[in-house]
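Everything below concerns the one structure shown next.
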Amino acid sequence: MKTLSLSIISASLLAAMASVSTPATAADMKLKHDSEYVIDGKIYGLPEAKVYREDYNGPAVVGDYLTQVPNIAKLDYEGNKTHDVRMDVFSQKIEVAPGVSYSAWTFGGSVPGPVLHVREGDRVIFKMKNRSDEEVTITKPVKNGSPFFQQVQANNYQNNQPVINPMPHSMDFHSGTVAAEDKWRTISPGETIEFEWIANYAGTYMYHCGTSSVLMHTAMGQYGAVVVSPKDGYPTDKDVDHEYVLVQSEHYLEEAAEGNYIYNHGAALDRQPSHVTFNGHVAALSDNPLRANEGDRVRLHVLNAGPSGTSSFHVIGAIFDRVWYEGDPRNEWYGMQTVLLGASNSATIDFIVPEEGIYKLVDHEFADAERGAAGALIAGPRKEK
């Protein structure tokens, strides 16, 4: 019996070892530049960023996998891909609550900016022109733009209007592993920056402007989400019926004229937001609630963009079946009622819709919920699958 038990243990160990994939080597991976190298299956050593001027006034957001929150693009390709992505920076007058509008600094024209969806191991070739000295319209049809534009035009809940506000800006992708002083450098109005990064780690990541004051640039609206899906997926992928992105953020505004608001840096330093929103507007997910049906598995990629506060994300009437903290499949939790997220933290959350009805989404820090961090998912009757 002892010999049999040892044999069973040995077989189990061998099976477990066989299931652990060996990290890819440089010979296994497609290296593009002489400077690149591989450690633990991840590519590093990308070339220096380029900064130049270009005569470009085309679509401000370009890329097939860029969407407006809460939408997320389906990855309709196998293996890895190189993504050519453009997100220009410019100002827009946007609404964050009924009767409350301000001149926001934006990536792509919305707050938060477009959601980028890629797969672990993908390469992103990124371009950004600082067009803050131009009027850029995002609410009219454009050719060769991303799906983001069609979604904004169909659901313009921020009432976007072009404004001019020349200002230096930059881009900091938390999903990239690069030399920050190179890739995340600040560019002036009229300049374009171009650089590459590799999605080396799965997860849901923040991007934001890294130009000083970072607090001010972020609070003015320069942030968004990158979802990097794991190369081997999550264990429940085949069971997911609906998938959404939710970005929580704080706004620090004071009224300057009737209906027109300006940023209050003192309030931001004191962490006293005027509004806390899901997806950039206090009514974004109540006027346009998420949809599902009884018995569905819903997946939420939740990012707390801050810039300074925490979020205690909760769905009233549901328990989170699986939570992958920061969206990494190795960080798995079960049966959670609330997920605590610091500024720039994220979680990928699965839950089962138990019954037909209305499920309120809230920051369970209720001072934030009363400032606007609330929404809803409406569940219809159960459907046979």
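Lettering and numbering for the structure tokens are positional, with chains as A, B, ... in the shown order, residues counted from 1 in each chain, and ligands counted from 1 in the shown order.
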Every residue of segment 13-124 of chain A that DSSP places in alpha helix (DSSP H), as a PDB file with C-alpha atoms, in the first residue's frame:
ATOM      1  CA  LEU A  13       3.891  15.413  -9.230  1.00  0.00           C
ATOM      2  CA  LEU A  14       4.882  14.504 -12.767  1.00  0.00           C
ATOM      3  CA  ALA A  15       1.467  15.571 -14.056  1.00  0.00           C
ATOM      4  CA  ALA A  16       1.697  18.866 -12.192  1.00  0.00           C
ATOM      5  CA  MET A  17       5.190  19.517 -13.563  1.00  0.00           C
ATOM      6  CA  ALA A  18       4.028  18.732 -17.063  1.00  0.00           C
ATOM      7  CA  SER A  19       1.205  21.269 -16.744  1.00  0.00           C
TER       8      SER A  19
END
Quick one: contact table of segment 275-375 of chain A to segment 265-270 of chain A, 12 Å max, nearest atom pair and distance in Å to one decimal per residue, counting only C-alpha atoms, chain and number order, as a Markdown table?
| residue | atom | partner | partner_atom | distance |
| --- | --- | --- | --- | --- |
| A:His275 | CA | A:Ala268 | CA | 11.3 |
| A:Gly306 | CA | A:Ala268 | CA | 10.7 |
| A:Pro307 | CA | A:Ala268 | CA | 8.8 |
| A:Ser308 | CA | A:Ala268 | CA | 8.2 |
| A:Gly309 | CA | A:Ala268 | CA | 10.2 |
Quick one: distance from atom CA of Val302 of chain A to atom CA of Thr218 of chain A in Å, one decimal?
-> 17.5 Å
Give me the residues within 12 Å of Phe278 of chain A as a ChimeraX atom specification, counting only C-alpha atoms and dropping any in the same chain fewer than 4 places off.
-> /A:69-70,96-97,111-112,224,245-251,282-290,302-306,311,313,361-363,368-369,371-376
From a DSSP calculation on the backbone, collect every residue of segment 119-354 of chain A in strand (DSSP E) and output the set as JSON, numbers by chain.
-> {"A": [119, 123, 124, 125, 126, 127, 128, 129, 161, 162, 163, 172, 173, 191, 192, 193, 194, 195, 196, 197, 198, 203, 204, 205, 206, 207, 208, 223, 224, 225, 226, 227, 228, 229, 242, 243, 244, 245, 246, 247, 248, 249, 250, 251, 253, 254, 255, 256, 257, 260, 261, 262, 263, 275, 276, 277, 278, 290, 291, 292, 293, 297, 298, 299, 300, 301, 302, 303, 304, 305, 306, 311, 312, 313, 314, 315, 320, 321, 322, 323, 324, 325, 332, 333, 334, 335, 336, 338, 339, 340, 341, 346, 347, 348, 349, 350, 351, 352]}
Near Glu243 of chain A, within 12 Å and counting only C-alpha atoms, which residues show up once chain neighbours fewer than 2 positions away are dropped, as a PyMOL selection string?
-> chain A and resi 69-74+227+237-241+245-246+290-292+296-302+348-351+377
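Each of A:Ala154, A:Val228, A:Val38, A:Val118 was compared to Thr139 of chain A using only C-alpha atoms, and A:Ala154 turns out to be the nearest.
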Could you state the separation of atom CA of Ala343 of chain A and atom CA of Leu66 of chain A in Å, given to one decimal place?
-> 23.0 Å
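Ranking A:Met29, A:Gly380, A:Ala219, A:Ser101 by their shortest atom-to-atom distance to Ala256 of chain A, with only C-alpha atoms included, puts A:Ser101 first.
Near Ser35 of chain A, within a cut-off of 7 Å and counting only C-alpha atoms, sit the residues A:Gly45, A:Leu46, A:Pro47, with same-chain residues fewer than 4 positions away left out.
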Serialized selection, N, CA, C and O atoms, as a PDB file, in the first residue's frame:
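Saved to part29.pdb:
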ATOM      1  N   GLY A  45      13.851  45.788 -23.679  1.00  0.00           N
ATOM      2  CA  GLY A  45      14.878  46.433 -24.498  1.00  0.00           C
ATOM      3  C   GLY A  45      14.348  47.044 -25.777  1.00  0.00           C
ATOM      4  O   GLY A  45      14.975  46.907 -26.840  1.00  0.00           O
ATOM      5  N   LEU A  46      13.220  47.753 -25.698  1.00  0.00           N
ATOM      6  CA  LEU A  46      12.603  48.333 -26.884  1.00  0.00           C
ATOM      7  C   LEU A  46      13.340  49.599 -27.313  1.00  0.00           C
ATOM      8  O   LEU A  46      14.018  50.246 -26.505  1.00  0.00           O
ATOM      9  N   PRO A  47      13.228  49.970 -28.591  1.00  0.00           N
ATOM     10  CA  PRO A  47      13.993  51.117 -29.094  1.00  0.00           C
ATOM     11  C   PRO A  47      13.510  52.440 -28.507  1.00  0.00           C
ATOM     12  O   PRO A  47      12.404  52.543 -27.976  1.00  0.00           O
TER      13      PRO A  47
END
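Going from atom CA of His364 of chain A to atom CA of His314 of chain A covers 6.1 Å.
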Segment 184-186 of chain A environment, 12 Å, only C-alpha atoms, sequence neighbours closer than 5 positions dropped, as JSON, numbers by chain | {"A": [48, 49, 50, 51, 89, 126, 127, 128, 129, 130, 167, 168, 169, 170, 171, 172, 173, 174, 176, 177, 178, 179, 191, 192, 193, 194, 195, 196, 197, 207, 208, 209, 210, 211, 212, 213, 214]}
Give me the residues within 6 Å of segment 200-205 of chain A as a PDB file with N, CA and C atoms, in the first residue's frame, counting only C-alpha atoms and dropping any in the same chain fewer than 3 places off.
ATOM      1  N   LYS A  42       9.406  37.108 -21.502  1.00  0.00           N
ATOM      2  CA  LYS A  42       8.931  38.473 -21.689  1.00  0.00           C
ATOM      3  C   LYS A  42       9.993  39.287 -22.431  1.00  0.00           C
ATOM      4  N   GLU A 120      -1.886  39.208 -23.764  1.00  0.00           N
ATOM      5  CA  GLU A 120      -0.545  39.047 -23.193  1.00  0.00           C
ATOM      6  C   GLU A 120       0.434  38.588 -24.274  1.00  0.00           C
ATOM      7  N   GLY A 121       1.522  39.328 -24.423  1.00  0.00           N
ATOM      8  CA  GLY A 121       2.514  39.032 -25.455  1.00  0.00           C
ATOM      9  C   GLY A 121       2.383  39.876 -26.703  1.00  0.00           C
ATOM     10  N   HIS A 174       0.614  52.015 -17.688  1.00  0.00           N
ATOM     11  CA  HIS A 174       1.029  51.095 -16.630  1.00  0.00           C
ATOM     12  C   HIS A 174       1.230  49.677 -17.167  1.00  0.00           C
ATOM     13  N   SER A 175       0.673  49.398 -18.323  1.00  0.00           N
ATOM     14  CA  SER A 175       0.797  48.073 -18.941  1.00  0.00           C
ATOM     15  C   SER A 175       2.122  47.878 -19.666  1.00  0.00           C
ATOM     16  N   ALA A 225      -8.184  52.862 -19.498  1.00  0.00           N
ATOM     17  CA  ALA A 225      -7.887  51.474 -19.144  1.00  0.00           C
ATOM     18  C   ALA A 225      -7.345  50.703 -20.338  1.00  0.00           C
ATOM     19  N   VAL A 226      -6.369  49.846 -20.040  1.00  0.00           N
ATOM     20  CA  VAL A 226      -5.885  48.831 -20.975  1.00  0.00           C
ATOM     21  C   VAL A 226      -6.175  47.472 -20.352  1.00  0.00           C
ATOM     22  N   VAL A 227      -6.894  46.633 -21.085  1.00  0.00           N
ATOM     23  CA  VAL A 227      -7.156  45.274 -20.631  1.00  0.00           C
ATOM     24  C   VAL A 227      -6.239  44.340 -21.416  1.00  0.00           C
ATOM     25  N   VAL A 228      -5.353  43.649 -20.703  1.00  0.00           N
ATOM     26  CA  VAL A 228      -4.450  42.674 -21.305  1.00  0.00           C
ATOM     27  C   VAL A 228      -4.950  41.291 -20.914  1.00  0.00           C
ATOM     28  N   SER A 229      -5.612  40.614 -21.849  1.00  0.00           N
ATOM     29  CA  SER A 229      -6.147  39.287 -21.542  1.00  0.00           C
ATOM     30  C   SER A 229      -5.024  38.262 -21.434  1.00  0.00           C
ATOM     31  N   PRO A 230      -5.109  37.331 -20.472  1.00  0.00           N
ATOM     32  CA  PRO A 230      -4.052  36.321 -20.325  1.00  0.00           C
ATOM     33  C   PRO A 230      -3.930  35.469 -21.588  1.00  0.00           C
ATOM     34  N   GLU A 326      -5.961  42.772  -9.892  1.00  0.00           N
ATOM     35  CA  GLU A 326      -5.176  43.399 -10.965  1.00  0.00           C
ATOM     36  C   GLU A 326      -5.365  42.681 -12.310  1.00  0.00           C
ATOM     37  N   GLY A 327      -6.314  41.745 -12.384  1.00  0.00           N
ATOM     38  CA  GLY A 327      -6.571  41.031 -13.625  1.00  0.00           C
ATOM     39  C   GLY A 327      -5.580  39.932 -13.935  1.00  0.00           C
ATOM     40  N   ASP A 328      -4.693  39.608 -12.993  1.00  0.00           N
ATOM     41  CA  ASP A 328      -3.725  38.534 -13.206  1.00  0.00           C
ATOM     42  C   ASP A 328      -4.360  37.210 -12.776  1.00  0.00           C
TER      43      ASP A 328
END
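Proximity to Tyr223 of chain A was assessed for A:Asn279, A:Thr82, A:Gln153, A:Asn260 counting only C-alpha atoms; the smallest distance is recorded for A:Asn279.
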